[in-house]
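*Asks:* Structure in C-alpha cells, see below.
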Amino acid sequence: MIKILVIEDCPVYRLVLKVLFNSYPFEVHYSTNAEEAWHLPGHTSFDLVLSDYNLPGMSGYELLCHLRENKLAPVLILMTANRKVENECPRLQCIVDHLMYKPFLKKTLDSIISKYLRS
C-alpha cells in the first residue's frame with residue numbers, strides 16, 4: 001500500500017487535505033510540524049511526503065532537505081502560499097520534486113498523484 005506523510009500546521013488546511021486524500025486508497029499519516037514528522041517511527045517507508053513550507057520551528061523546506069539528503073522518501077512535494085519561495089530557497093529545484101501553490105484544486109493533487117505514484 002502507498003504510504004504518504006502530510007505535514008501541515010493549519011488545522012483547517014489539514015482537514016481539507018484529509019478530505020482530499022480520503023478519495024485515494026492510500027495510508028496517509030499527518031503531522032503538525034517538521035520535528036514531529038522527522039521523529040515518526042518508520043519515516044523511511046513513505047512513498048511521498050507533502051509538506052507545508054511555513055511551519056513552526058524547522059521549515060518544511062528544511063525537513064525536505066533532510067529527507068532528500070538521507071534518501072528517506074522518493075517523492076518530496078512542498079506546498080506554500082508564498083509566491084517568492086523559489087527566490088528564498090536557492091536549492092529548491094534540487095530538493096523538491098514538485099512545488100505546489102496554495103490554494104490548489106483537487107485536480108492539481110490528482111495530477112501530482114498520477115505523475116509520481118501511479119506511473
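Residue numbering restarts at 1 for every chain of the C-alpha cells, chains are lettered A, B, ... in their displayed order, and ligands are numbered from 1 as they appear.
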Set the distance at 9 Å and use only C-alpha atoms: which residues neighbour Leu63 (chain A) once local chain neighbours fewer than 4 positions away are removed? I'd like the list as a PyMOL selection string.
*Replies:* chain A and resi 34-35+37-38+51+58-59+67-68
*Asks:* Which residues, written as a list in words, have at least one atom at most 8 Å from Gly60 (chain A), with only C-alpha atoms counted and residues fewer than 6 positions away on the same chain left out?
*Replies:* Ile7, Ala34, Ser51, Asp52, Tyr53, Asn54 and Leu78 of chain A
*Asks:* Could you turn the residues from that selection into a file that holds N, CA and C atoms, as a short mmCIF file (atom, residue, chain, number, x, y, z; two decimals), in the first residue's frame?
*Replies:*
data_model
loop_
_atom_site.label_atom_id
_atom_site.label_comp_id
_atom_site.auth_asym_id
_atom_site.auth_seq_id
_atom_site.Cartn_x
_atom_site.Cartn_y
_atom_site.Cartn_z
N ILE A 7 2.57 17.04 6.21
CA ILE A 7 2.93 17.93 7.32
C ILE A 7 2.28 19.28 7.06
N ALA A 34 7.54 19.89 11.49
CA ALA A 34 8.64 19.13 10.89
C ALA A 34 9.36 18.22 11.89
N SER A 51 4.70 18.53 2.32
CA SER A 51 4.91 19.39 3.47
C SER A 51 4.60 20.85 3.15
N ASP A 52 4.00 21.51 4.11
CA ASP A 52 3.84 22.96 4.03
C ASP A 52 5.22 23.58 4.18
N TYR A 53 5.41 24.72 3.58
CA TYR A 53 6.70 25.42 3.66
C TYR A 53 6.87 26.11 5.01
N ASN A 54 5.86 26.87 5.39
CA ASN A 54 5.95 27.70 6.59
C ASN A 54 5.39 26.93 7.79
N LEU A 78 6.51 20.23 -1.88
CA LEU A 78 6.44 21.38 -0.99
C LEU A 78 5.25 22.21 -1.39
#
*Asks:* Between CA of Phe104 (chain A) and CA of Leu92 (chain A), what is the distance, to one decimal in Å?
*Replies:*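 About the pair CA of Phe104 (chain A) and CA of Leu92 (chain A): they are 19.7 Å apart.
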*Asks:* For Asn82 (chain A), which residue out of A:Met100, A:Leu117, A:Leu40, A:Val19 is the nearest one, using only C-alpha atoms?
*Replies:*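 Of A:Met100, A:Leu117, A:Leu40, A:Val19, the one nearest Asn82 (chain A), counting only C-alpha atoms, is A:Met100.
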*Asks:* Can you list, as a list in words, every residue of chain A that DSSP puts in strand (DSSP E)?
*Replies:*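 DSSP-assigned strand (DSSP E) residues in chain A: Lys3, Ile4, Leu5, Val6, Ile7, Glu27, Val28, His29, Tyr30, Ser31, Leu48, Val49, Leu50, Ser51, Asp52, Val75, Leu76, Ile77, Leu78, Met79, Thr80, His98, Leu99, Met100 and Tyr101 of chain A.
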*Asks:* Tell me which protein, DNA and RNA residues are within 9 Å of region 110-116 of chain A, counting only C-alpha atoms, leaving out same-chain ones fewer than 4 positions away, and put them as a PyMOL selection string.
*Replies:* chain A and resi 48+75+77+97-98+105-106
*Asks:* Write out, as a short mmCIF file (atom, residue, chain, number, x, y, z; two decimals), in the first residue's frame, the residues just selected, with N, CA and C atoms.
*Replies:*
data_model
loop_
_atom_site.label_atom_id
_atom_site.label_comp_id
_atom_site.auth_asym_id
_atom_site.auth_seq_id
_atom_site.Cartn_x
_atom_site.Cartn_y
_atom_site.Cartn_z
N LEU A 48 5.65 9.17 -0.51
CA LEU A 48 5.54 10.59 -0.85
C LEU A 48 5.41 11.39 0.43
N VAL A 75 9.62 10.77 -3.20
CA VAL A 75 8.91 11.92 -3.77
C VAL A 75 8.65 12.95 -2.67
N ILE A 77 7.15 16.82 -2.00
CA ILE A 77 6.32 17.90 -2.52
C ILE A 77 6.26 19.00 -1.47
N ASP A 97 10.50 17.59 -5.61
CA ASP A 97 10.06 17.08 -6.91
C ASP A 97 9.00 17.98 -7.51
N HIS A 98 8.24 18.65 -6.65
CA HIS A 98 7.16 19.50 -7.15
C HIS A 98 6.87 20.58 -6.12
N LEU A 105 -6.55 23.13 -6.35
CA LEU A 105 -7.75 22.36 -6.61
C LEU A 105 -7.45 20.86 -6.49
N LYS A 106 -8.48 20.08 -6.32
CA LYS A 106 -8.31 18.63 -6.23
C LYS A 106 -7.65 18.09 -7.50
#
*Asks:* Show me, as a PyMOL selection string, the residues that have an atom within 12 Å of Phe21 (chain A) when counting only C-alpha atoms, minus same-chain residues fewer than 6 positions from it.
*Replies:* chain A and resi 2-6+14-15+27-30+50+106-107+109-110+113
*Asks:* The selected residues should be written to file as a short mmCIF file (atom, residue, chain, number, x, y, z; two decimals), in the first residue's frame (atoms: N, CA and C atoms).
*Replies:*
data_model
loop_
_atom_site.label_atom_id
_atom_site.label_comp_id
_atom_site.auth_asym_id
_atom_site.auth_seq_id
_atom_site.Cartn_x
_atom_site.Cartn_y
_atom_site.Cartn_z
N ILE A 2 0.48 2.24 -0.75
CA ILE A 2 1.21 3.51 -0.82
C ILE A 2 1.03 4.27 0.49
N LYS A 3 2.17 4.73 1.04
CA LYS A 3 2.14 5.49 2.30
C LYS A 3 2.57 6.93 2.03
N ILE A 4 1.78 7.86 2.57
CA ILE A 4 2.03 9.29 2.38
C ILE A 4 2.11 9.95 3.74
N LEU A 5 3.03 10.90 3.84
CA LEU A 5 3.15 11.72 5.05
C LEU A 5 2.81 13.15 4.66
N VAL A 6 1.88 13.76 5.39
CA VAL A 6 1.47 15.14 5.17
C VAL A 6 1.84 15.95 6.40
N ARG A 14 -5.27 21.23 7.14
CA ARG A 14 -5.05 19.80 7.39
C ARG A 14 -6.35 19.01 7.18
N LEU A 15 -7.47 19.59 7.62
CA LEU A 15 -8.77 18.95 7.43
C LEU A 15 -9.11 18.87 5.94
N GLU A 27 -2.47 4.94 2.59
CA GLU A 27 -2.31 5.09 4.03
C GLU A 27 -1.64 6.45 4.24
N VAL A 28 -2.38 7.38 4.84
CA VAL A 28 -1.89 8.76 4.99
C VAL A 28 -1.70 9.07 6.47
N HIS A 29 -0.51 9.57 6.80
CA HIS A 29 -0.17 9.99 8.15
C HIS A 29 -0.06 11.51 8.16
N TYR A 30 -0.45 12.12 9.26
CA TYR A 30 -0.45 13.58 9.36
C TYR A 30 0.40 14.02 10.53
N LEU A 50 4.41 15.27 1.61
CA LEU A 50 3.82 16.55 1.22
C LEU A 50 3.89 17.47 2.43
N LYS A 106 -8.48 20.08 -6.32
CA LYS A 106 -8.31 18.63 -6.23
C LYS A 106 -7.65 18.09 -7.50
N LYS A 107 -7.96 18.68 -8.64
CA LYS A 107 -7.35 18.19 -9.88
C LYS A 107 -5.83 18.39 -9.88
N LEU A 109 -3.95 18.04 -7.13
CA LEU A 109 -3.50 16.90 -6.35
C LEU A 109 -3.60 15.61 -7.17
N ASP A 110 -4.68 15.45 -7.91
CA ASP A 110 -4.85 14.28 -8.78
C ASP A 110 -3.70 14.17 -9.78
N ILE A 113 -0.51 13.05 -7.96
CA ILE A 113 -0.61 11.63 -7.61
C ILE A 113 -0.39 10.78 -8.87
#
*Asks:* Using CA of Ile95 (chain A) and CA of Val49 (chain A) as the two end points, give the distance in Å to one decimal.
*Replies:* 12.1 Å
*Asks:* DSSP on the backbone: which residues in region 17-80 of chain A end up as alpha helix (DSSP H)? Give the answer as number ranges by chain.
*Replies:* A: 17-21, 34-38, 60-69
*Asks:* Just the selected residues (N, CA and C atoms), exported as an mmCIF file, in the first residue's frame, please.
*Replies:*
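Once everything was written out, this is result-v8.cif:
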data_model
loop_
_atom_site.group_PDB
_atom_site.id
_atom_site.type_symbol
_atom_site.label_atom_id
_atom_site.label_comp_id
_atom_site.auth_asym_id
_atom_site.auth_seq_id
_atom_site.Cartn_x
_atom_site.Cartn_y
_atom_site.Cartn_z
ATOM 1 N N LEU A 17 -6.993 18.699 3.479
ATOM 2 C CA LEU A 17 -6.141 17.647 2.919
ATOM 3 C C LEU A 17 -6.656 16.257 3.279
ATOM 4 N N LYS A 18 -7.153 16.092 4.503
ATOM 5 C CA LYS A 18 -7.716 14.797 4.899
ATOM 6 C C LYS A 18 -8.906 14.436 4.018
ATOM 7 N N VAL A 19 -9.764 15.408 3.765
ATOM 8 C CA VAL A 19 -10.926 15.168 2.907
ATOM 9 C C VAL A 19 -10.473 14.800 1.493
ATOM 10 N N LEU A 20 -9.492 15.535 0.970
ATOM 11 C CA LEU A 20 -8.992 15.252 -0.381
ATOM 12 C C LEU A 20 -8.359 13.862 -0.466
ATOM 13 N N PHE A 21 -7.563 13.509 0.525
ATOM 14 C CA PHE A 21 -6.873 12.216 0.489
ATOM 15 C C PHE A 21 -7.802 11.039 0.771
ATOM 16 N N ALA A 34 7.542 19.887 11.494
ATOM 17 C CA ALA A 34 8.643 19.126 10.895
ATOM 18 C C ALA A 34 9.356 18.223 11.894
ATOM 19 N N GLU A 35 9.557 18.714 13.111
ATOM 20 C CA GLU A 35 10.262 17.912 14.116
ATOM 21 C C GLU A 35 9.487 16.640 14.433
ATOM 22 N N GLU A 36 8.184 16.764 14.589
ATOM 23 C CA GLU A 36 7.335 15.603 14.852
ATOM 24 C C GLU A 36 7.413 14.618 13.678
ATOM 25 N N ALA A 37 7.363 15.146 12.471
ATOM 26 C CA ALA A 37 7.432 14.298 11.276
ATOM 27 C C ALA A 37 8.771 13.581 11.182
ATOM 28 N N TRP A 38 9.846 14.285 11.490
ATOM 29 C CA TRP A 38 11.193 13.704 11.399
ATOM 30 C C TRP A 38 11.352 12.525 12.360
ATOM 31 N N GLY A 60 9.311 23.486 6.433
ATOM 32 C CA GLY A 60 9.057 22.337 5.579
ATOM 33 C C GLY A 60 10.183 22.127 4.587
ATOM 34 N N TYR A 61 10.754 23.210 4.091
ATOM 35 C CA TYR A 61 11.881 23.113 3.163
ATOM 36 C C TYR A 61 13.077 22.440 3.840
ATOM 37 N N GLU A 62 13.371 22.846 5.079
ATOM 38 C CA GLU A 62 14.485 22.227 5.816
ATOM 39 C C GLU A 62 14.240 20.736 6.031
ATOM 40 N N LEU A 63 12.998 20.387 6.364
ATOM 41 C CA LEU A 63 12.660 18.976 6.546
ATOM 42 C C LEU A 63 12.884 18.197 5.250
ATOM 43 N N LEU A 64 12.403 18.747 4.141
ATOM 44 C CA LEU A 64 12.564 18.054 2.869
ATOM 45 C C LEU A 64 14.031 17.939 2.472
ATOM 46 N N CYS A 65 14.833 18.944 2.825
ATOM 47 C CA CYS A 65 16.285 18.857 2.594
ATOM 48 C C CYS A 65 16.873 17.666 3.345
ATOM 49 N N HIS A 66 16.498 17.506 4.623
ATOM 50 C CA HIS A 66 16.993 16.374 5.424
ATOM 51 C C HIS A 66 16.541 15.036 4.830
ATOM 52 N N LEU A 67 15.278 14.988 4.419
ATOM 53 C CA LEU A 67 14.762 13.749 3.840
ATOM 54 C C LEU A 67 15.489 13.404 2.542
ATOM 55 N N ARG A 68 15.730 14.407 1.701
ATOM 56 C CA ARG A 68 16.417 14.166 0.422
ATOM 57 C C ARG A 68 17.865 13.740 0.650
ATOM 58 N N GLU A 69 18.543 14.458 1.554
ATOM 59 C CA GLU A 69 19.952 14.146 1.822
ATOM 60 C C GLU A 69 20.130 12.747 2.392
#
*Asks:* I'd like to know which of A:Thr32, A:Leu99, A:Tyr13, A:Arg91 is closest to Leu55 (chain A), using only C-alpha atoms.
*Replies:*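 The closest residue to Leu55 (chain A) is A:Thr32.
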